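J.: Input structure: upload.txt, which contains compact mmCIF, C-alpha atoms and all ligand atoms.
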# COMPACT_ATOMS: atom_id res chain seq x y z
CA LYS A 1 -35.62 -44.07 61.56
CA ARG A 2 -39.23 -44.94 62.30
CA PRO A 3 -41.47 -43.86 59.38
CA ILE A 4 -44.48 -41.80 60.44
CA ILE A 5 -47.43 -39.95 58.97
CA ILE A 6 -48.71 -36.98 60.97
CA ASP A 7 -52.44 -36.28 60.70
CA THR A 8 -53.00 -32.82 62.13
CA ASP A 9 -55.10 -29.65 62.47
CA PRO A 10 -52.52 -26.95 63.27
CA GLY A 11 -53.21 -25.47 65.86
CA ILE A 12 -50.65 -24.01 68.25
CA ASP A 13 -49.90 -27.23 70.09
CA ASP A 14 -49.83 -29.12 66.78
CA ALA A 15 -47.12 -26.72 65.57
CA LEU A 16 -44.82 -27.75 68.41
CA ALA A 17 -45.53 -31.45 67.99
CA ILE A 18 -44.68 -31.13 64.29
CA ALA A 19 -41.44 -29.34 65.18
CA ILE A 20 -40.42 -32.13 67.52
CA ALA A 21 -41.19 -34.81 64.94
CA LEU A 22 -39.32 -33.05 62.13
CA TYR A 23 -36.16 -32.62 64.18
CA SER A 24 -36.13 -35.93 65.99
CA ASN A 25 -33.28 -38.27 65.05
CA GLU A 26 -35.58 -41.22 65.50
CA LEU A 27 -38.50 -40.30 63.26
CA ASP A 28 -38.88 -39.93 59.52
CA VAL A 29 -41.92 -37.81 58.62
CA LYS A 30 -43.12 -39.25 55.30
CA LEU A 31 -46.31 -37.24 54.96
CA ILE A 32 -48.40 -34.62 56.72
CA THR A 33 -52.16 -34.81 56.24
CA THR A 34 -54.50 -32.06 57.35
CA VAL A 35 -57.99 -32.20 58.76
CA ALA A 36 -60.62 -29.67 59.82
CA GLY A 37 -60.36 -29.22 63.57
CA ASN A 38 -58.97 -26.29 65.49
CA VAL A 39 -59.78 -24.21 62.41
CA GLY A 40 -61.22 -25.02 58.98
CA ILE A 41 -59.41 -27.21 56.47
CA ASP A 42 -58.08 -24.32 54.34
CA LYS A 43 -56.47 -22.79 57.39
CA THR A 44 -55.06 -26.02 58.87
CA THR A 45 -53.55 -26.82 55.47
CA TYR A 46 -52.12 -23.32 55.08
CA ASN A 47 -50.69 -23.58 58.59
CA ALA A 48 -49.05 -26.93 57.87
CA LEU A 49 -47.43 -25.40 54.78
CA ARG A 50 -46.33 -22.30 56.70
CA LEU A 51 -44.77 -24.50 59.35
CA LEU A 52 -42.82 -26.56 56.82
CA LYS A 53 -41.49 -23.36 55.26
CA PHE A 54 -40.49 -22.09 58.69
CA PHE A 55 -38.75 -25.37 59.53
CA GLN A 56 -37.05 -25.52 56.09
CA LYS A 57 -38.64 -28.89 55.47
CA GLU A 58 -40.65 -28.17 52.37
CA ASN A 59 -39.66 -31.57 51.02
CA VAL A 60 -42.25 -33.17 53.33
CA PRO A 61 -45.48 -33.56 51.30
CA VAL A 62 -48.77 -32.18 52.58
CA ALA A 63 -52.11 -33.69 51.55
CA VAL A 64 -55.48 -32.09 52.21
CA GLY A 65 -58.00 -34.08 54.21
CA ALA A 66 -61.58 -33.91 55.40
CA ASP A 67 -63.29 -30.55 55.76
CA ARG A 68 -65.81 -31.75 58.34
CA PRO A 69 -66.61 -34.67 60.65
CA LEU A 70 -68.14 -37.87 59.24
CA ILE A 71 -71.67 -37.21 60.44
CA ARG A 72 -71.94 -34.36 62.92
CA SER A 73 -71.77 -30.68 62.29
CA TYR A 74 -68.33 -29.19 62.65
CA GLU A 75 -67.22 -27.15 65.65
CA ASP A 76 -63.86 -25.41 65.52
CA ALA A 77 -61.59 -24.42 68.41
CA SER A 78 -60.57 -20.99 67.18
CA SER A 79 -61.43 -19.58 70.60
CA VAL A 80 -58.33 -21.41 71.85
CA HIS A 81 -55.96 -21.12 68.87
CA GLY A 82 -57.04 -17.78 67.40
CA LYS A 83 -58.71 -16.97 64.10
CA SER A 84 -55.89 -18.29 61.90
CA GLY A 85 -55.25 -21.28 64.17
CA MET A 86 -51.70 -20.12 64.83
CA GLU A 87 -52.16 -16.62 66.14
CA GLY A 88 -49.17 -14.77 67.56
CA TYR A 89 -46.31 -15.28 65.10
CA ASP A 90 -45.74 -13.64 61.76
CA PHE A 91 -44.94 -16.62 59.54
CA GLU A 92 -43.72 -16.17 55.97
CA PRO A 93 -46.20 -17.33 53.36
CA PRO A 94 -45.46 -20.83 52.08
CA THR A 95 -43.94 -21.57 48.68
CA GLN A 96 -44.96 -25.23 48.78
CA ILE A 97 -48.43 -26.32 47.70
CA PRO A 98 -50.33 -29.45 48.76
CA ILE A 99 -49.95 -32.55 46.61
CA GLU A 100 -52.82 -33.39 44.30
CA GLU A 101 -53.88 -36.58 46.04
CA ASN A 102 -56.24 -36.15 48.95
CA ALA A 103 -55.14 -37.15 52.44
CA VAL A 104 -56.78 -40.57 52.38
CA ASN A 105 -55.30 -41.60 49.04
CA ALA A 106 -51.91 -40.21 49.97
CA MET A 107 -51.91 -42.09 53.28
CA ARG A 108 -52.85 -45.28 51.49
CA ARG A 109 -50.04 -44.89 48.97
CA VAL A 110 -47.38 -44.05 51.57
CA ILE A 111 -48.46 -46.94 53.78
CA MET A 112 -48.60 -49.50 50.98
CA GLU A 113 -45.27 -48.40 49.47
CA SER A 114 -43.36 -48.40 52.73
CA LYS A 115 -40.98 -51.30 53.39
CA GLU A 116 -41.30 -50.75 57.13
CA ALA A 117 -44.74 -50.62 58.75
CA ILE A 118 -45.91 -47.02 59.23
CA THR A 119 -46.84 -45.34 62.49
CA ILE A 120 -49.67 -42.82 62.25
CA VAL A 121 -49.46 -39.94 64.69
CA ALA A 122 -52.97 -38.50 64.92
CA ILE A 123 -53.15 -35.11 66.62
CA GLY A 124 -56.44 -33.82 65.26
CA PRO A 125 -59.99 -35.17 64.85
CA LEU A 126 -59.83 -38.73 63.51
CA THR A 127 -61.92 -38.19 60.37
CA ASN A 128 -59.16 -38.92 57.82
CA ILE A 129 -58.03 -42.04 59.66
CA ALA A 130 -61.59 -43.40 59.83
CA LEU A 131 -62.11 -42.82 56.10
CA LEU A 132 -58.77 -44.48 55.34
CA LEU A 133 -59.65 -47.58 57.38
CA LYS A 134 -63.10 -47.89 55.84
CA ILE A 135 -62.17 -47.22 52.22
CA TYR A 136 -58.83 -49.04 52.18
CA PRO A 137 -58.87 -51.67 54.95
CA GLU A 138 -55.86 -53.34 53.30
CA VAL A 139 -53.65 -50.61 54.79
CA LYS A 140 -54.04 -52.18 58.22
CA LYS A 141 -51.44 -54.81 57.53
CA ASN A 142 -48.74 -52.19 57.05
CA ILE A 143 -49.67 -49.90 59.95
CA LYS A 144 -47.49 -50.50 62.97
CA GLU A 145 -49.49 -48.39 65.38
CA VAL A 146 -51.75 -45.36 65.63
CA VAL A 147 -50.60 -42.98 68.34
CA MET A 148 -53.41 -40.56 69.00
CA MET A 149 -53.64 -37.50 71.16
CA GLY A 150 -57.23 -37.56 72.30
CA GLY A 151 -59.81 -38.99 74.62
CA SER A 152 -59.81 -39.05 78.38
CA ALA A 153 -60.19 -41.52 81.22
CA SER A 154 -61.44 -38.66 83.36
CA ARG A 155 -63.00 -35.37 82.31
CA GLY A 156 -63.16 -33.49 79.04
CA ASN A 157 -61.98 -30.18 77.59
CA MET A 158 -64.75 -29.80 75.00
CA GLY A 159 -67.64 -31.09 77.06
CA VAL A 160 -67.98 -32.45 80.58
CA MET A 161 -66.72 -35.84 79.45
CA SER A 162 -65.40 -35.25 75.94
CA GLU A 163 -61.97 -34.32 74.71
CA TYR A 164 -61.89 -32.18 71.54
CA ASN A 165 -60.30 -34.57 68.99
CA VAL A 166 -62.72 -37.36 69.87
CA GLY A 167 -65.65 -35.10 70.75
CA VAL A 168 -65.70 -33.29 67.44
CA ASP A 169 -65.96 -36.53 65.44
CA PRO A 170 -66.94 -39.37 67.77
CA GLU A 171 -67.92 -41.75 64.95
CA ALA A 172 -64.43 -41.46 63.49
CA ALA A 173 -62.85 -42.29 66.85
CA TYR A 174 -65.26 -45.20 67.21
CA ILE A 175 -64.10 -46.61 63.87
CA LEU A 176 -60.47 -46.37 64.97
CA PHE A 177 -61.02 -48.06 68.35
CA HIS A 178 -62.92 -50.87 66.64
CA SER A 179 -60.38 -51.33 63.84
CA GLY A 180 -58.21 -53.98 65.44
CA LEU A 181 -55.09 -51.79 64.98
CA GLU A 182 -52.51 -51.24 67.69
CA ILE A 183 -53.58 -47.98 69.33
CA ALA A 184 -51.85 -45.78 71.86
CA MET A 185 -54.22 -43.26 73.42
CA VAL A 186 -52.43 -40.24 74.84
CA GLY A 187 -55.35 -38.35 76.26
CA LEU A 188 -56.22 -35.64 78.73
CA ASP A 189 -55.13 -37.67 81.75
CA VAL A 190 -51.62 -36.76 80.72
CA GLY A 191 -52.51 -33.73 78.58
CA PHE A 192 -53.80 -31.84 81.62
CA LYS A 193 -50.46 -32.39 83.32
CA ALA A 194 -48.06 -31.81 80.42
CA LEU A 195 -47.58 -28.14 81.14
CA VAL A 196 -45.24 -25.34 80.16
CA PHE A 197 -44.59 -22.92 82.98
CA PRO A 198 -43.25 -19.34 82.80
CA GLU A 199 -39.67 -20.38 83.58
CA ASP A 200 -39.78 -23.00 80.81
CA SER A 201 -41.25 -20.65 78.24
CA GLU A 202 -38.59 -18.06 79.03
CA ALA A 203 -35.87 -20.68 78.50
CA ILE A 204 -37.58 -21.86 75.31
CA ARG A 205 -37.78 -18.34 73.90
CA THR A 206 -34.02 -17.90 73.82
CA MET A 207 -33.15 -21.42 72.64
CA ASN A 208 -33.47 -20.98 68.89
CA LYS A 209 -35.80 -19.73 66.15
CA THR A 210 -38.36 -22.44 66.94
CA GLY A 211 -38.27 -21.53 70.62
CA GLU A 212 -38.91 -17.91 69.83
CA MET A 213 -41.80 -18.86 67.55
CA ALA A 214 -43.21 -21.17 70.22
CA TYR A 215 -43.03 -18.40 72.80
CA CYS A 216 -44.95 -16.01 70.54
CA LEU A 217 -47.67 -18.61 69.93
CA PHE A 218 -47.85 -19.40 73.66
CA LYS A 219 -48.60 -15.77 74.38
CA LYS A 220 -51.80 -15.99 72.34
CA TYR A 221 -52.76 -19.53 73.24
CA ARG A 222 -55.75 -19.98 75.47
CA GLY A 223 -54.88 -23.54 76.54
CA GLY A 224 -54.33 -22.51 80.16
CA SER A 225 -52.34 -19.56 81.41
CA PHE A 226 -48.66 -18.77 81.69
CA ASN A 227 -48.91 -18.85 85.46
CA THR A 228 -50.81 -22.05 85.99
CA GLY A 229 -49.13 -23.76 83.03
CA LEU A 230 -49.96 -24.04 79.33
CA LYS A 231 -51.40 -27.32 78.12
CA ILE A 232 -49.47 -28.41 75.08
CA TYR A 233 -51.47 -31.54 74.38
CA ASP A 234 -50.20 -32.68 70.98
CA SER A 235 -46.56 -32.96 72.03
CA THR A 236 -47.63 -35.70 74.42
CA ALA A 237 -48.20 -38.01 71.43
CA LEU A 238 -44.59 -37.44 70.37
CA ALA A 239 -43.40 -38.07 73.91
CA TYR A 240 -45.13 -41.45 73.75
CA LEU A 241 -42.99 -42.34 70.73
CA LEU A 242 -39.74 -40.77 71.86
CA ALA A 243 -39.79 -41.04 75.66
CA PRO A 244 -42.46 -43.55 76.75
CA GLN A 245 -40.77 -43.96 80.14
CA ILE A 246 -42.32 -40.60 81.08
CA TYR A 247 -45.73 -42.29 81.21
CA GLU A 248 -47.64 -44.80 83.20
CA ILE A 249 -49.29 -46.91 80.50
CA VAL A 250 -52.09 -49.46 80.87
CA GLU A 251 -53.46 -51.87 78.32
CA THR A 252 -57.21 -51.79 78.46
CA TYR A 253 -60.44 -51.63 76.48
CA VAL A 254 -61.60 -48.26 75.18
CA ASP A 255 -64.95 -47.54 73.60
CA VAL A 256 -66.53 -44.29 72.41
CA GLU A 257 -69.99 -43.14 73.42
CA LEU A 258 -72.02 -42.19 70.36
CA ALA A 259 -75.60 -42.10 71.55
CA GLY A 260 -75.49 -40.14 74.81
CA SER A 261 -77.28 -36.83 74.54
CA MET A 262 -74.80 -35.27 76.97
CA THR A 263 -71.89 -37.69 76.75
CA ALA A 264 -71.39 -38.34 73.02
CA GLY A 265 -67.68 -38.28 72.29
CA CYS A 266 -66.72 -39.52 75.73
CA THR A 267 -64.10 -42.28 75.73
CA LEU A 268 -64.94 -45.14 78.07
CA VAL A 269 -61.60 -46.32 79.35
CA ASP A 270 -62.62 -49.58 80.97
CA LEU A 271 -59.85 -49.85 83.55
CA LYS A 272 -61.87 -52.24 85.69
CA GLY A 273 -63.12 -54.50 82.91
CA TYR A 274 -66.86 -53.84 83.31
CA LEU A 275 -67.46 -54.18 79.59
CA LYS A 276 -65.76 -57.61 79.43
CA GLN A 277 -64.01 -56.85 76.15
CA PRO A 278 -60.48 -57.69 75.07
CA HIS A 279 -57.91 -54.89 75.32
CA ASN A 280 -57.76 -52.66 72.26
CA ALA A 281 -55.49 -49.82 73.37
CA LYS A 282 -52.54 -48.77 75.44
CA VAL A 283 -53.65 -45.77 77.44
CA CYS A 284 -51.30 -43.26 79.04
CA ILE A 285 -52.90 -42.57 82.37
CA ASP A 286 -50.21 -40.66 84.21
CA ILE A 287 -47.11 -38.63 83.50
CA ASN A 288 -43.93 -37.63 85.27
CA GLN A 289 -44.31 -33.88 84.95
CA GLU A 290 -40.69 -33.03 85.66
CA LYS A 291 -39.39 -35.50 83.12
CA PHE A 292 -41.88 -34.26 80.56
CA ARG A 293 -40.74 -30.66 81.02
CA GLU A 294 -37.13 -31.66 80.53
CA TRP A 295 -37.94 -33.81 77.52
CA PHE A 296 -39.99 -31.03 75.92
CA LYS A 297 -37.24 -28.45 76.33
CA GLU A 298 -34.61 -30.86 75.02
CA SER A 299 -36.80 -31.64 72.02
CA ILE A 300 -37.28 -27.98 71.12
CA ARG A 301 -33.54 -27.45 71.54
CA LYS A 302 -32.95 -29.92 68.69
CA CYS A 303 -34.95 -27.75 66.27
CA ILE A 304 -33.65 -24.87 64.14
C1 LIG B 1 -56.61 -31.38 71.17
O1 LIG B 1 -57.59 -30.49 70.65
C2 LIG B 1 -56.98 -29.47 69.91
O2 LIG B 1 -57.51 -28.23 70.23
C3 LIG B 1 -55.51 -29.55 70.19
O3 LIG B 1 -54.76 -29.18 69.04
C4 LIG B 1 -55.30 -30.98 70.55
O4 LIG B 1 -55.06 -31.79 69.42
C5 LIG B 1 -56.65 -31.30 72.69
O5 LIG B 1 -57.87 -31.70 73.18
CA CA B 2 -54.39 -30.83 67.32
Do you think you could lay out the structure here as structure tokens?
T.:
Amino acid sequence: KRPIIIDTDPGIDDALAIAIALYSNELDVKLITTVAGNVGIDKTTYNALRLLKFFQKENVPVAVGADRPLIRSYEDASSVHGKSGMEGYDFEPPTQIPIEENAVNAMRRVIMESKEAITIVAIGPLTNIALLLKIYPEVKKNIKEVVMMGGSASRGNMGVMSEYNVGVDPEAAYILFHSGLEIAMVGLDVGFKALVFPEDSEAIRTMNKTGEMAYCLFKKYRGGSFNTGLKIYDSTALAYLLAPQIYEIVETYVDVELAGSMTAGCTLVDLKGYLKQPHNAKVCIDINQEKFREWFKESIRKCI
């Protein structure tokens, strides 16, 4: 099984991505680290713990990460995910507590101790990852790849040009893209098209306990509408790992705008090579929607 660390800010779409990872036969979730994003750090951590209780996976350690972006002031996304970050389902309170180590130290330890190089699945703002790479650059040699949901080669969902996970902490994303690591960017070009439609959500509801939970969260989620399709962004990062054939992927150079007064947090996906830089990322630029829908339903079916 491929060892992974999930860095997350649950978040309704995070919850489903975590479900898919925990029940995949191909992935081994070694650690979950939390970050301030969709809601504040106390809530994202509580949500991660509630999810592990729900999934009966309380053996997976949770470490608490950054409570705000590196430099900029923090903007949450509770207008999309609700006040708690996972509005719509009545989860049991967790019994597990976070480990004592903070997210950065825990990531370092898990990466350095692992026999097989670790894949980091980043589905929140990239603050923890940036701190990890700056404080402990030695981890790079045992990181296989960072698969991140975030960025866009087209338009944004936080600002005109910025996607939320990059837009909320652009400096952190900049550090990642300039780290020299293998990076897969699964951004809005596919996130806007990875949709759950009413007929899917109905099928999902009756699949199992996870499906029913997902359906309840969907009802409250403001990431689109049931009729035009719900955008379940974070699962697209898991699809990259588990079903990459769903995507059209290009190797290219990606940079992050930091200075623009209206475009900070925009990812420049240099498909035409204007910037004359070597490739630093594999970018998913298109998706087979039908295949994604099938893959998503099959993945939820594997859960409890
Ligand atoms: C990303 O932002 C968050 O709101 C979602 O959880 C996802 O990670 C989409 O832009
Ligand atoms: Ca997220």
J.: I'd like the contact shell of region 122-139 of chain A - 9 Å cut-off, all atoms listed in the file, skipping same-chain residues fewer than 5 positions apart - returned as a short mmCIF file (atom, residue, chain, number, x, y, z; two decimals) with C-alpha atoms, keeping the file's coordinate frame.
T.:
data_model
loop_
_atom_site.label_atom_id
_atom_site.label_comp_id
_atom_site.auth_asym_id
_atom_site.auth_seq_id
_atom_site.Cartn_x
_atom_site.Cartn_y
_atom_site.Cartn_z
CA ILE A 5 -47.43 -39.95 58.97
CA ILE A 6 -48.71 -36.98 60.97
CA ASP A 7 -52.44 -36.28 60.70
CA THR A 8 -53.00 -32.82 62.13
CA ASP A 9 -55.10 -29.65 62.47
CA PRO A 10 -52.52 -26.95 63.27
CA GLY A 11 -53.21 -25.47 65.86
CA ASP A 14 -49.83 -29.12 66.78
CA ALA A 17 -45.53 -31.45 67.99
CA THR A 33 -52.16 -34.81 56.24
CA THR A 34 -54.50 -32.06 57.35
CA VAL A 35 -57.99 -32.20 58.76
CA ALA A 36 -60.62 -29.67 59.82
CA GLY A 37 -60.36 -29.22 63.57
CA ASN A 38 -58.97 -26.29 65.49
CA GLY A 65 -58.00 -34.08 54.21
CA ALA A 66 -61.58 -33.91 55.40
CA ARG A 68 -65.81 -31.75 58.34
CA PRO A 69 -66.61 -34.67 60.65
CA LEU A 70 -68.14 -37.87 59.24
CA ALA A 103 -55.14 -37.15 52.44
CA VAL A 104 -56.78 -40.57 52.38
CA ASN A 105 -55.30 -41.60 49.04
CA MET A 107 -51.91 -42.09 53.28
CA ARG A 108 -52.85 -45.28 51.49
CA ARG A 109 -50.04 -44.89 48.97
CA ILE A 111 -48.46 -46.94 53.78
CA MET A 112 -48.60 -49.50 50.98
CA VAL A 146 -51.75 -45.36 65.63
CA VAL A 147 -50.60 -42.98 68.34
CA MET A 148 -53.41 -40.56 69.00
CA MET A 149 -53.64 -37.50 71.16
CA GLY A 150 -57.23 -37.56 72.30
CA TYR A 164 -61.89 -32.18 71.54
CA ASN A 165 -60.30 -34.57 68.99
CA VAL A 166 -62.72 -37.36 69.87
CA GLY A 167 -65.65 -35.10 70.75
CA VAL A 168 -65.70 -33.29 67.44
CA ASP A 169 -65.96 -36.53 65.44
CA PRO A 170 -66.94 -39.37 67.77
CA GLU A 171 -67.92 -41.75 64.95
CA ALA A 172 -64.43 -41.46 63.49
CA ALA A 173 -62.85 -42.29 66.85
CA TYR A 174 -65.26 -45.20 67.21
CA ILE A 175 -64.10 -46.61 63.87
CA LEU A 176 -60.47 -46.37 64.97
CA SER A 179 -60.38 -51.33 63.84
CA TYR A 233 -51.47 -31.54 74.38
CA ASP A 234 -50.20 -32.68 70.98
CA SER A 235 -46.56 -32.96 72.03
CA ALA A 237 -48.20 -38.01 71.43
#
J.: Every residue with an atom at most 6 Å from (-58.4, -37.8, 74.4) (file coordinates; all atoms listed in the file) is what I'm after, so could you write them as a list of chain:residue names?
T.: A:Met149, A:Gly150, A:Gly151, A:Ser152, A:Glu163, A:Gly187, A:Leu188
J.: In Å to one decimal, how far is CA of Lys219 (chain A) from CA of Arg205 (chain A)?
T.: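 Interatomic distance, CA of Arg205 (chain A) to CA of Lys219 (chain A): 11.1 Å.
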J.: Could you check the closest approach to ligand LIG 1 (chain B) for each of A:Ile232, A:Ile20, A:Ala243, A:Cys303 and tell me which residue wins, using all atoms listed in the file?
T.: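 So, comparing all the options, the nearest one is A:Ile232.
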J.: With 8 Å on each side, where is the centre of the axis-aligned box around all listed atoms of ligand LIG 1 (chain B), and how long are its edges in Å to one decimal, as AutoDock Vina command-line options?
T.:
--center_x -56.3 --center_y -30.0 --center_z 71.1 --size_x 19.1 --size_y 19.6 --size_z 20.1
J.: Suppose you want the space between CA of Leu51 (chain A) and CA of Phe292 (chain A); what is it in Å?
T.: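 Atom-to-atom, CA of Leu51 (chain A) and CA of Phe292 (chain A) are spaced 23.5 Å apart.
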J.: Interatomic distance between CA of Pro278 (chain A) and CA of Val250 (chain A)?
T.: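 Computing the Euclidean distance for CA of Pro278 (chain A) and CA of Val250 (chain A) yields 13.1 Å.
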J.: From the set A:Ser299, A:Pro244, A:Phe177, A:Leu195, which residue has the shortest atom-to-atom contact distance to Val256 (chain A), counting only C-alpha atoms?
T.: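 Of A:Ser299, A:Pro244, A:Phe177, A:Leu195, the one nearest Val256 (chain A) is A:Phe177, counting only C-alpha atoms.
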J.: Got a sec to check which residues sit within 9 Å of (-48.7, -24.4, 67.9), counting only C-alpha atoms, and write them as a list in words?
T.: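 Residues with an atom close enough to that point: Pro10, Gly11, Ile12, Asp13, Asp14, Ala15, Leu16, Ala17, Ile18, His81, Gly85, Met86, Glu87, Met213, Ala214, Leu217, Phe218, Tyr221, Ile232 and Asp234 of chain A.
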J.: Could you please take those selected residues and save C-alpha atoms as a short mmCIF file (atom, residue, chain, number, x, y, z; two decimals), keeping the file's coordinate frame?
T.:
data_model
loop_
_atom_site.label_atom_id
_atom_site.label_comp_id
_atom_site.auth_asym_id
_atom_site.auth_seq_id
_atom_site.Cartn_x
_atom_site.Cartn_y
_atom_site.Cartn_z
CA PRO A 10 -52.52 -26.95 63.27
CA GLY A 11 -53.21 -25.47 65.86
CA ILE A 12 -50.65 -24.01 68.25
CA ASP A 13 -49.90 -27.23 70.09
CA ASP A 14 -49.83 -29.12 66.78
CA ALA A 15 -47.12 -26.72 65.57
CA LEU A 16 -44.82 -27.75 68.41
CA ALA A 17 -45.53 -31.45 67.99
CA ILE A 18 -44.68 -31.13 64.29
CA HIS A 81 -55.96 -21.12 68.87
CA GLY A 85 -55.25 -21.28 64.17
CA MET A 86 -51.70 -20.12 64.83
CA GLU A 87 -52.16 -16.62 66.14
CA MET A 213 -41.80 -18.86 67.55
CA ALA A 214 -43.21 -21.17 70.22
CA LEU A 217 -47.67 -18.61 69.93
CA PHE A 218 -47.85 -19.40 73.66
CA TYR A 221 -52.76 -19.53 73.24
CA ILE A 232 -49.47 -28.41 75.08
CA ASP A 234 -50.20 -32.68 70.98
#
J.: For each of A:Glu251, A:Asp67, A:Glu145, A:Asp42, take the minimum atom-to-atom distance to Ile97 (chain A), counting all atoms listed in the file, then give the residue where this is smallest.
T.: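 Checking each candidate against Ile97 (chain A), we get A:Asp42 as the closest.
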J.: Got a sec: who's within 7 Å of Pro98 (chain A), counting all atoms listed in the file, leaving out chain neighbours fewer than 2 positions off, as an NGL selection string?
T.: :A and (61-64 or 96 or 100)
J.: Go ahead and write the selection's residues with C-alpha atoms as a PDB file, in the coordinates of the input.
T.:
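Okay, again.pdb is ready:
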ATOM      1  CA  PRO A  61     -45.480 -33.560  51.300  1.00  0.00           C
ATOM      2  CA  VAL A  62     -48.770 -32.180  52.580  1.00  0.00           C
ATOM      3  CA  ALA A  63     -52.110 -33.690  51.550  1.00  0.00           C
ATOM      4  CA  VAL A  64     -55.480 -32.090  52.210  1.00  0.00           C
ATOM      5  CA  GLN A  96     -44.960 -25.230  48.780  1.00  0.00           C
ATOM      6  CA  GLU A 100     -52.820 -33.390  44.300  1.00  0.00           C
TER       7      GLU A 100
END
J.: A:Met207, A:Met262, A:Leu181, A:Met161: which is nearest Lys141 (chain A), counting all atoms listed in the file?
T.: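 Selected residue with least distance to Lys141 (chain A): A:Leu181.
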J.: So, with all atoms listed in the file as the atoms that count, which of A:Glu212, A:Asp76, A:Glu257, A:Glu101 lies closest to ligand LIG 1 (chain B)?
T.: A:Asp76
J.: Name the closest residue to ligand CA 2 (chain B) among the candidates A:Thr236, A:Asn208, A:Ser225, A:Gln245; distances are taken between atoms, counting only C-alpha atoms and all ligand atoms.
T.: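 Answer, going by the shortest atom-to-atom distance: A:Thr236.
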J.: Set the distance at 12 Å and use all atoms listed in the file: which residues neighbour Lys209 (chain A) once local chain neighbours fewer than 5 positions away are removed? I'd like the list as a PDB file with C-alpha atoms, in the coordinates of the input.
T.:
ATOM      1  CA  ALA A  19     -41.440 -29.340  65.180  1.00  0.00           C
ATOM      2  CA  PHE A  54     -40.490 -22.090  58.690  1.00  0.00           C
ATOM      3  CA  PHE A  55     -38.750 -25.370  59.530  1.00  0.00           C
ATOM      4  CA  GLN A  56     -37.050 -25.520  56.090  1.00  0.00           C
ATOM      5  CA  TYR A  89     -46.310 -15.280  65.100  1.00  0.00           C
ATOM      6  CA  PHE A  91     -44.940 -16.620  59.540  1.00  0.00           C
ATOM      7  CA  ILE A 204     -37.580 -21.860  75.310  1.00  0.00           C
ATOM      8  CA  ALA A 214     -43.210 -21.170  70.220  1.00  0.00           C
ATOM      9  CA  TYR A 215     -43.030 -18.400  72.800  1.00  0.00           C
ATOM     10  CA  CYS A 216     -44.950 -16.010  70.540  1.00  0.00           C
ATOM     11  CA  ILE A 300     -37.280 -27.980  71.120  1.00  0.00           C
ATOM     12  CA  ARG A 301     -33.540 -27.450  71.540  1.00  0.00           C
ATOM     13  CA  LYS A 302     -32.950 -29.920  68.690  1.00  0.00           C
ATOM     14  CA  CYS A 303     -34.950 -27.750  66.270  1.00  0.00           C
ATOM     15  CA  ILE A 304     -33.650 -24.870  64.140  1.00  0.00           C
TER      16      ILE A 304
END
